[in-house]
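Asker: This structure is in structure tokens; I'll ask about it shortly.
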Amino acid sequence: METFDSYVLFALIALPLAGAALLIGVPSNKVGLIRWLATLVSAVILALSLYTFALYDHEAGGFQFERAWVWLELTGWPLGGQGIVLDLAIDGLSALMVLLTGIVMFTGVLVSWNVSERSKDFSILYFVLLAGVFGVFVSLDIFFLFFFYELAVLPMYLLIAVWGSSSDFGTFQRTKEYSAMKLMMYLVAGSVLIWIAIIAIFVQADMGTFGLRALQEGGEFSPTFQRVFFPFLMVGFGILAGLWPFHTWSPDGHVAAPTSVSMVHAGVLMKLGAYGIIRLGIGLMPEGAQEWMPVLVALGAVNVIYGALSAMGQRDLKYVVGYSSVSHMGYVLMGIATLHELGLSGAILQMFSHGIMTALFFVLIGAIYDRTHTRDIGVLEGMSKRMGTIGVLFAVAGLTSLGLPGLSGFVAELLVFLGLFQTYPILGVLGVVGAAITAVYILRLIAKVFFGTLGEQWRDQTDISRIEGLSAGILVAFLLLMGLFPFPFVRVIGSSVDALLALVAGV
Amino acid sequence: MNDFNLLLPEFFVAGLAFLVLATDLVIPDARKHLLAYGSAAGLFGVAAFSLIFLWGDTGTLYDGAIVVDGYALFFKAFFLVIGAFVVLASIEHVRKHLEHPGEYYGILIFTVLAMMLIAASRELLTAYISLELLSFGLYVLVAYDRYNAKSNEGGAKYILLGALSSALLLYGMSQIYGLLGTTRFDGIAEALVATPDLSLGVLIGLVLIIAGLGFKIAAVPFHMWAPDAYEGAPVPVTAYLAVGSKTAAFALVVRLFMEALIPAAADWQVILVIMAALTMTVGNLGALVQTNIKRLLAYSSIGHVGYLLMGVAALAAVNGDGLVSVERSNMAIVGVVLHLAAYGVANIALFICVGAFYNATGKEDIADLAGLARRSPMIALVMASALFSLAGLPLFAGFVSKFYLFNAVGTQGLLWLAGLAIFASLVSLYYYLMIVRQMYVEPVHDDTPIRVPRLTLGVLGVLFAGMVFLGVYPAPLVDAIQYAADALLSSEGVVHLLQSLD
């Protein structure tokens, strides 16, 4: 068991890559085999991520399941022998994120059963993307964190530009090539800033190591240094988290992407940004974090309000969810910015809750789009007459989104608000206002699309398929689980939150 | 006493060149492709020989003009392998488009010999003569497609500007020799340590040498010849220009600056920093507007020269008082050489793909690549991977090498320049993605499969594996480069500098 535990995180990265390599060898016309193989691999990965989450010892806290391999030594430095180390371990925060990734990956594979064109290439790129995401969450070496971060960005262009869909609303047009390129340029622009910050950290510490914990202990980063370089991390990772005003790639990208990629994208990839701010930003530069947090909380508030207002004005279902992601990520950013136990816990829970919820939204919108070939809210009417299950599930996702008690969104947002009222009460009010606007656009949307008289042209529509239903069911189960029993989740992240806040308090 | 055993690889390569030229006279036309197989096998053989029997041996010959050390040996093996790959990549092209295969391969092997000597030179004139041997071979090869006007134009531009650059280089060397009284690298370093304040004459010599070498590596503002020569030359020769000759020039530049000019780092660093910043900016912005794939790759490699030049500028750290330190130079040397290797593998792979496409279709515009992913999945895959590698995305060699190199530059106190380079990489990703878009996204107009010879597919497979291997597990290569770097760091020039600092 000991050995198994020390390899399980490595397996989370290696399995998707191995799956991708295996798929290269499968002839591309054997679609059935490809689907089953992809499903099998991702099911194993889901099982592993559940395993790590369940067995993470929250009482001991700290980093567990650790295993390190020296990858490259750097000659001439005090710690050069551990220059670049593939150091894998998870704390409570990572454990929750790994679980989220496992769930979204598996459900995403299920809904990609209906990708028929070049499904082999699609699965290969999808697995590479997921290997990158897992890698970020489990790496404790900044080099590898960045390595996997870039690896997660790499397949996005092709995934969107080849398998995505363009939007055309007469006055408003977005081709999938445009959206894919925009997304790539924004994300890589973010990693430009991150990369600069990483080099600066390496140089400033002058220890010859990229190990996160070694840098935390031994790297003496002066207040000035932290003040200058914290924004690099905040904005660099913030771009991926949808930080206003650098969020515009995200609705376009989500809309253009095929369903499972939208799920991973909004569900998991945006969390990488928030995770990076927490892990590297607060972890390495607590003083800089304290200094810049008022800015982040203000930008987060803009995110919440601006995203919600924009979502209100959309006609495309996916754009509504895209902008609502911008709005919800605002809560995450605001929660992080409180640097308060409740706020930070809320932010982390919101990362999980929003990830599952958006994934569910995209599954359902994908199902509607596959059947009706439109996502236009103006045209879709009374769909629950023909798509009863989709309607119910959509309502669950919508209610999570507006924070109904009993669902995960409530727990997360409540904690964020509690944290906010203790630190930035005025902006906290804005947060609540944002939740109210969310209620308006979500309820209006559900009323228009699912209720009312059934549009003439939709008479022959069918309800959700079994495989899509399975995918959505898993997601709903986790929304309910966290909404009704939040305590296990709060407990797991508790030790990480305490450790992070201790860093800040130690300043 | 000269230990000529150390020069056995050079003797073998020279012998191989003559053997190819002689065999060419007796072999019937239909079987001339055998010359290529023979040449490639010979070059691979010599590379294996050098690595197996000479790795670890060091020594100097001809009174220190030629040195055999880890650094020279590393580059010799590298050039031999690159040469062999270029020979293999040439077979189809030579058979279809060029005359006189014997001379083609013979000259190619002579240029490999020249590159090997460049890496081993530790004296200005020896370096110059080796560089000229390389350039003369390349002048001929660029213009080898003699009924093609573009090939002639490229060749003419290349020879005129090449001659000019040689004149500048030679003038700069004479200036150095006249004022410092020696052409040996260690002697130059000693003289520079003895007179910390450079006289104007020495400075002029230095600037002229930088300008002359700047032409050879196509650094801005001496890059004008590169796009035309790249476009005009036969594709395998373009690959050779982009990878072989550039690497050779950098092998000389790194040794020259590290072993001879390092005490004057305070004076030349600023020049190289400005050149590097200009080169990566101009190269990457210039690439944005290209429509011909070879021209685009020419500009892209100018951009890469900028990164490498930045690494050369970072060979020494210069503090505010003008004091030179080489305490952290190790990383810069390794970074430059590692990036040369990653750049070389990716570019060779790219040009072989471009060549295979050209051989099958006769086209070389970016727009012609539309639908390549369907017409030849293997070529599209290797091309996309090589482009991602050049852009510095992970799983491929380019990510590791850029990370290492940029980190080294930051370490030497040039963080802003590393930041500019990272930003330039972002720009480069845009135009690389435009090619990927043509291959994978654009609708197919003509979906006839592209016929690619098995040999080419095999070579591409090896290069692809190499890119991924270096990107995932670079430690063996970095260890070898570390061994090469140690040779420079323990050279007499650096020792003189360190003694003066104590």
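Ligands are numbered from 1 in the order shown, residues from 1 within each chain, and chains are lettered A, B, ... in the order they appear in the structure tokens.
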Got a sec to pull out which chain B residues are within 8 Å of chain A, counting only C-alpha atoms, and send them as a list in words?

Answerer: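 That gives the following set of residues: Glu327, Arg328, Asn330, Met331, Leu393, Pro394, Leu395, Phe406, Asn407, Gly410, Thr411, Leu415, Ala418, Gly419, Ile422, Phe423, Leu426, Tyr430, Arg437, Tyr440, Val441, Tyr473, Pro474 and Ala475 of chain B.
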
Asker: Any chance you could export the current selection's C-alpha atoms as a PDB file, in the first residue's frame?

Answerer:
ATOM      1  CA  GLU B 327      30.410  32.541 -10.923  1.00  0.00           C
ATOM      2  CA  ARG B 328      27.089  31.681 -12.567  1.00  0.00           C
ATOM      3  CA  ASN B 330      27.918  27.744 -16.214  1.00  0.00           C
ATOM      4  CA  MET B 331      24.180  27.971 -16.676  1.00  0.00           C
ATOM      5  CA  LEU B 393       5.698  24.490 -25.355  1.00  0.00           C
ATOM      6  CA  PRO B 394       6.221  21.516 -23.087  1.00  0.00           C
ATOM      7  CA  LEU B 395       6.668  17.845 -23.909  1.00  0.00           C
ATOM      8  CA  PHE B 406      16.007  32.373 -20.109  1.00  0.00           C
ATOM      9  CA  ASN B 407      16.611  31.400 -16.526  1.00  0.00           C
ATOM     10  CA  GLY B 410      17.832  36.234 -15.581  1.00  0.00           C
ATOM     11  CA  THR B 411      20.466  34.831 -13.262  1.00  0.00           C
ATOM     12  CA  LEU B 415      15.844  39.755 -16.229  1.00  0.00           C
ATOM     13  CA  ALA B 418      14.653  37.466 -20.557  1.00  0.00           C
ATOM     14  CA  GLY B 419      11.209  39.029 -20.169  1.00  0.00           C
ATOM     15  CA  ILE B 422       9.487  35.440 -23.317  1.00  0.00           C
ATOM     16  CA  PHE B 423       7.259  38.047 -24.867  1.00  0.00           C
ATOM     17  CA  LEU B 426       4.435  34.706 -27.436  1.00  0.00           C
ATOM     18  CA  TYR B 430       1.062  33.265 -33.126  1.00  0.00           C
ATOM     19  CA  ARG B 437      -4.086  26.124 -38.481  1.00  0.00           C
ATOM     20  CA  TYR B 440      -5.209  20.946 -39.204  1.00  0.00           C
ATOM     21  CA  VAL B 441      -8.121  23.356 -39.408  1.00  0.00           C
ATOM     22  CA  TYR B 473      14.163  13.697 -20.024  1.00  0.00           C
ATOM     23  CA  PRO B 474      16.945  16.138 -20.916  1.00  0.00           C
ATOM     24  CA  ALA B 475      19.300  15.069 -18.125  1.00  0.00           C
TER      25      ALA B 475
END

Asker: Would you kindly return, as a PDB file with C-alpha atoms, in the first residue's frame, each protein, DNA or RNA residue with an atom no farther than 9 Å from any atom of Leu299 in chain A, considering only C-alpha atoms and excluding same-chain residues fewer than 6 positions away?

Answerer:
ATOM      1  CA  LEU A 243      -9.918  38.170 -13.940  1.00  0.00           C
ATOM      2  CA  TRP A 244     -11.565  41.337 -15.238  1.00  0.00           C
ATOM      3  CA  PRO A 245     -10.504  43.065 -17.531  1.00  0.00           C
ATOM      4  CA  GLY A 330     -15.243  36.680  -9.204  1.00  0.00           C
ATOM      5  CA  LEU A 333     -11.078  35.821  -6.472  1.00  0.00           C
ATOM      6  CA  MET A 334     -12.849  37.858  -3.817  1.00  0.00           C
TER       7      MET A 334
END

Asker: Please provide the set of residues having any atom within 9 Å of Thr453 in chain A, restricted to only C-alpha atoms, with same-chain residues fewer than 4 positions apart removed, written as a PyMOL selection string.

Answerer: chain A and resi 381-383+385

Asker: Find the residue from B:Ser490, B:Ser121, B:Thr361, B:Asn5 that sits nearest to Asp57 in chain B; use only C-alpha atoms when measuring.

Answerer: B:Asn5

Asker: Write out as a ChimeraX atom specification all residues of range 39-120 of chain B that backbone DSSP assigns to alpha helix (DSSP H).

Answerer: /B:39-49,70-97,101-120

Asker: Choose the residue, out of A:Val295, A:Ile446, A:Ala205, A:Leu12, that has the smallest atom-to-atom separation from Met234 in chain A; count only C-alpha atoms.

Answerer: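 Checking each of A:Val295, A:Ile446, A:Ala205, A:Leu12 against Met234 in chain A, counting only C-alpha atoms, the winner is A:Val295.
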
Asker: Compile the contact shell of Leu284 in chain A as a list in words: residues with an atom at most 10 Å away, counting only C-alpha atoms, same-chain residues fewer than 4 positions apart removed.

Answerer: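 After dropping sequence-adjacent residues, the list is Ile201, Leu212, Arg213, Leu215, Gln216, Glu217, Gly219, Glu220, Phe221, Gln226, Phe230, Ile277, Ile278, Arg279, Leu280, Gly288, Ala289, Leu500, Leu503 and Val504 of chain A.
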
Asker: Applying 10 Å and only C-alpha atoms, which residues near Ile109 in chain B remain after dropping the ones on its own chain fewer than 6 positions away? List them as an mmCIF file with N, CA and C atoms, in the first residue's frame.

Answerer:
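Saved as out.cif:
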data_model
loop_
_atom_site.group_PDB
_atom_site.id
_atom_site.type_symbol
_atom_site.label_atom_id
_atom_site.label_comp_id
_atom_site.auth_asym_id
_atom_site.auth_seq_id
_atom_site.Cartn_x
_atom_site.Cartn_y
_atom_site.Cartn_z
ATOM 1 N N VAL B 13 36.856 12.406 -41.902
ATOM 2 C CA VAL B 13 35.852 13.160 -42.658
ATOM 3 C C VAL B 13 36.461 13.684 -43.955
ATOM 4 N N ALA B 14 37.683 14.192 -43.876
ATOM 5 C CA ALA B 14 38.343 14.656 -45.104
ATOM 6 C C ALA B 14 38.474 13.491 -46.075
ATOM 7 N N GLY B 15 38.879 12.341 -45.544
ATOM 8 C CA GLY B 15 39.013 11.165 -46.400
ATOM 9 C C GLY B 15 37.687 10.784 -47.030
ATOM 10 N N LEU B 16 36.638 10.873 -46.226
ATOM 11 C CA LEU B 16 35.304 10.523 -46.723
ATOM 12 C C LEU B 16 34.912 11.431 -47.880
ATOM 13 N N ALA B 17 35.196 12.732 -47.728
ATOM 14 C CA ALA B 17 34.855 13.682 -48.794
ATOM 15 C C ALA B 17 35.561 13.307 -50.088
ATOM 16 N N PHE B 18 36.859 13.025 -50.003
ATOM 17 C CA PHE B 18 37.602 12.667 -51.227
ATOM 18 C C PHE B 18 37.094 11.351 -51.797
ATOM 19 N N VAL B 20 34.099 10.175 -51.635
ATOM 20 C CA VAL B 20 32.826 10.415 -52.328
ATOM 21 C C VAL B 20 33.097 11.036 -53.690
ATOM 22 N N SER B 39 27.761 8.444 -47.653
ATOM 23 C CA SER B 39 28.163 9.638 -46.902
ATOM 24 C C SER B 39 27.526 9.640 -45.525
ATOM 25 N N ALA B 40 26.221 9.360 -45.497
ATOM 26 C CA ALA B 40 25.524 9.392 -44.207
ATOM 27 C C ALA B 40 26.102 8.346 -43.274
ATOM 28 N N GLY B 42 29.042 7.092 -43.334
ATOM 29 C CA GLY B 42 30.372 7.526 -42.928
ATOM 30 C C GLY B 42 30.305 8.557 -41.816
ATOM 31 N N LEU B 43 29.416 9.543 -41.983
ATOM 32 C CA LEU B 43 29.335 10.602 -40.973
ATOM 33 C C LEU B 43 28.852 10.048 -39.636
ATOM 34 N N LEU B 80 28.488 16.232 -36.994
ATOM 35 C CA LEU B 80 28.501 15.006 -37.804
ATOM 36 C C LEU B 80 27.092 14.451 -37.940
ATOM 37 N N GLY B 83 25.065 16.758 -40.121
ATOM 38 C CA GLY B 83 25.487 16.559 -41.510
ATOM 39 C C GLY B 83 24.850 15.305 -42.084
ATOM 40 N N ALA B 84 24.876 14.236 -41.297
ATOM 41 C CA ALA B 84 24.305 12.981 -41.788
ATOM 42 C C ALA B 84 22.816 13.128 -42.056
ATOM 43 N N VAL B 87 22.307 15.005 -45.239
ATOM 44 C CA VAL B 87 22.560 14.137 -46.392
ATOM 45 C C VAL B 87 21.344 13.259 -46.664
ATOM 46 N N GLU B 103 29.443 15.939 -56.423
ATOM 47 C CA GLU B 103 30.002 17.187 -55.884
ATOM 48 C C GLU B 103 29.165 17.704 -54.733
ATOM 49 N N MET B 115 33.071 22.817 -39.999
ATOM 50 C CA MET B 115 32.379 23.097 -38.737
ATOM 51 C C MET B 115 33.094 22.432 -37.566
ATOM 52 N N GLY B 137 31.948 26.525 -49.032
ATOM 53 C CA GLY B 137 31.104 25.380 -49.346
ATOM 54 C C GLY B 137 29.640 25.796 -49.447
#

Asker: Quick one: everything within 10 Å of Ile66 in chain B, counting only C-alpha atoms, minus sequence neighbours fewer than 4 positions away in the same chain. Send it as an mmCIF file with C-alpha atoms, in the first residue's frame.

Answerer:
data_model
loop_
_atom_site.group_PDB
_atom_site.id
_atom_site.type_symbol
_atom_site.label_atom_id
_atom_site.label_comp_id
_atom_site.auth_asym_id
_atom_site.auth_seq_id
_atom_site.Cartn_x
_atom_site.Cartn_y
_atom_site.Cartn_z
ATOM 1 C CA LEU B 7 42.422 14.588 -35.004
ATOM 2 C CA GLY B 59 44.824 17.913 -25.699
ATOM 3 C CA THR B 60 46.052 20.732 -27.866
ATOM 4 C CA LEU B 61 47.713 20.597 -31.245
ATOM 5 C CA TYR B 62 49.737 22.966 -33.407
ATOM 6 C CA ALA B 72 34.987 20.662 -29.247
ATOM 7 C CA LEU B 117 37.439 22.667 -37.036
ATOM 8 C CA ILE B 118 35.536 25.790 -36.028
ATOM 9 C CA ALA B 119 34.501 24.159 -32.769
ATOM 10 C CA ALA B 120 38.101 23.175 -32.117
ATOM 11 C CA SER B 121 39.793 26.481 -32.991
ATOM 12 C CA ARG B 122 41.413 28.373 -30.202
ATOM 13 C CA GLU B 123 43.172 30.924 -32.301
ATOM 14 C CA THR B 126 42.488 29.134 -37.482
ATOM 15 C CA ALA B 127 38.930 30.037 -36.649
#

Asker: Of the residues B:Leu169, B:Phe469, B:Val282, B:Leu8, which is the one nearest to Glu132 in chain B, using only C-alpha atoms?

Answerer: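 Going through B:Leu169, B:Phe469, B:Val282, B:Leu8 one by one, the smallest distance to Glu132 in chain B is for B:Leu169.
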
Asker: Skipping near chain neighbours, those fewer than 3 positions away, what residues fall within 6 Å of Ala256 in chain A using only C-alpha atoms, listed as number ranges by chain?

Answerer: A: 164-166, 176, 253

Asker: Could you save the residues just selected, with N, CA and C atoms, as an mmCIF file, in the first residue's frame?

Answerer:
data_model
loop_
_atom_site.group_PDB
_atom_site.id
_atom_site.type_symbol
_atom_site.label_atom_id
_atom_site.label_comp_id
_atom_site.auth_asym_id
_atom_site.auth_seq_id
_atom_site.Cartn_x
_atom_site.Cartn_y
_atom_site.Cartn_z
ATOM 1 N N GLY A 164 -14.543 22.690 -32.563
ATOM 2 C CA GLY A 164 -15.446 23.670 -31.980
ATOM 3 C C GLY A 164 -16.547 24.081 -32.934
ATOM 4 N N SER A 165 -17.310 25.112 -32.517
ATOM 5 C CA SER A 165 -18.377 25.610 -33.376
ATOM 6 C C SER A 165 -18.321 27.133 -33.383
ATOM 7 N N SER A 166 -18.672 27.725 -34.519
ATOM 8 C CA SER A 166 -18.667 29.176 -34.629
ATOM 9 C C SER A 166 -20.041 29.719 -34.251
ATOM 10 N N LYS A 176 -14.735 29.981 -34.823
ATOM 11 C CA LYS A 176 -14.023 29.170 -33.831
ATOM 12 C C LYS A 176 -12.515 29.377 -33.928
ATOM 13 N N GLY A 253 -14.017 31.587 -25.761
ATOM 14 C CA GLY A 253 -13.409 30.255 -25.805
ATOM 15 C C GLY A 253 -14.389 29.172 -25.400
#

Asker: Running DSSP on the backbone, which parts of range 96-299 of chain A land in strand (DSSP E or B), as JSON, numbers by chain?

Answerer: {"A": [139, 141, 167, 168, 173, 174, 211]}

Asker: Can you work out the spacing between CA of Leu198 in chain B and CA of Val494 in chain B in Å, to one decimal?

Answerer: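 Between CA of Leu198 in chain B and CA of Val494 in chain B the gap is 17.9 Å.
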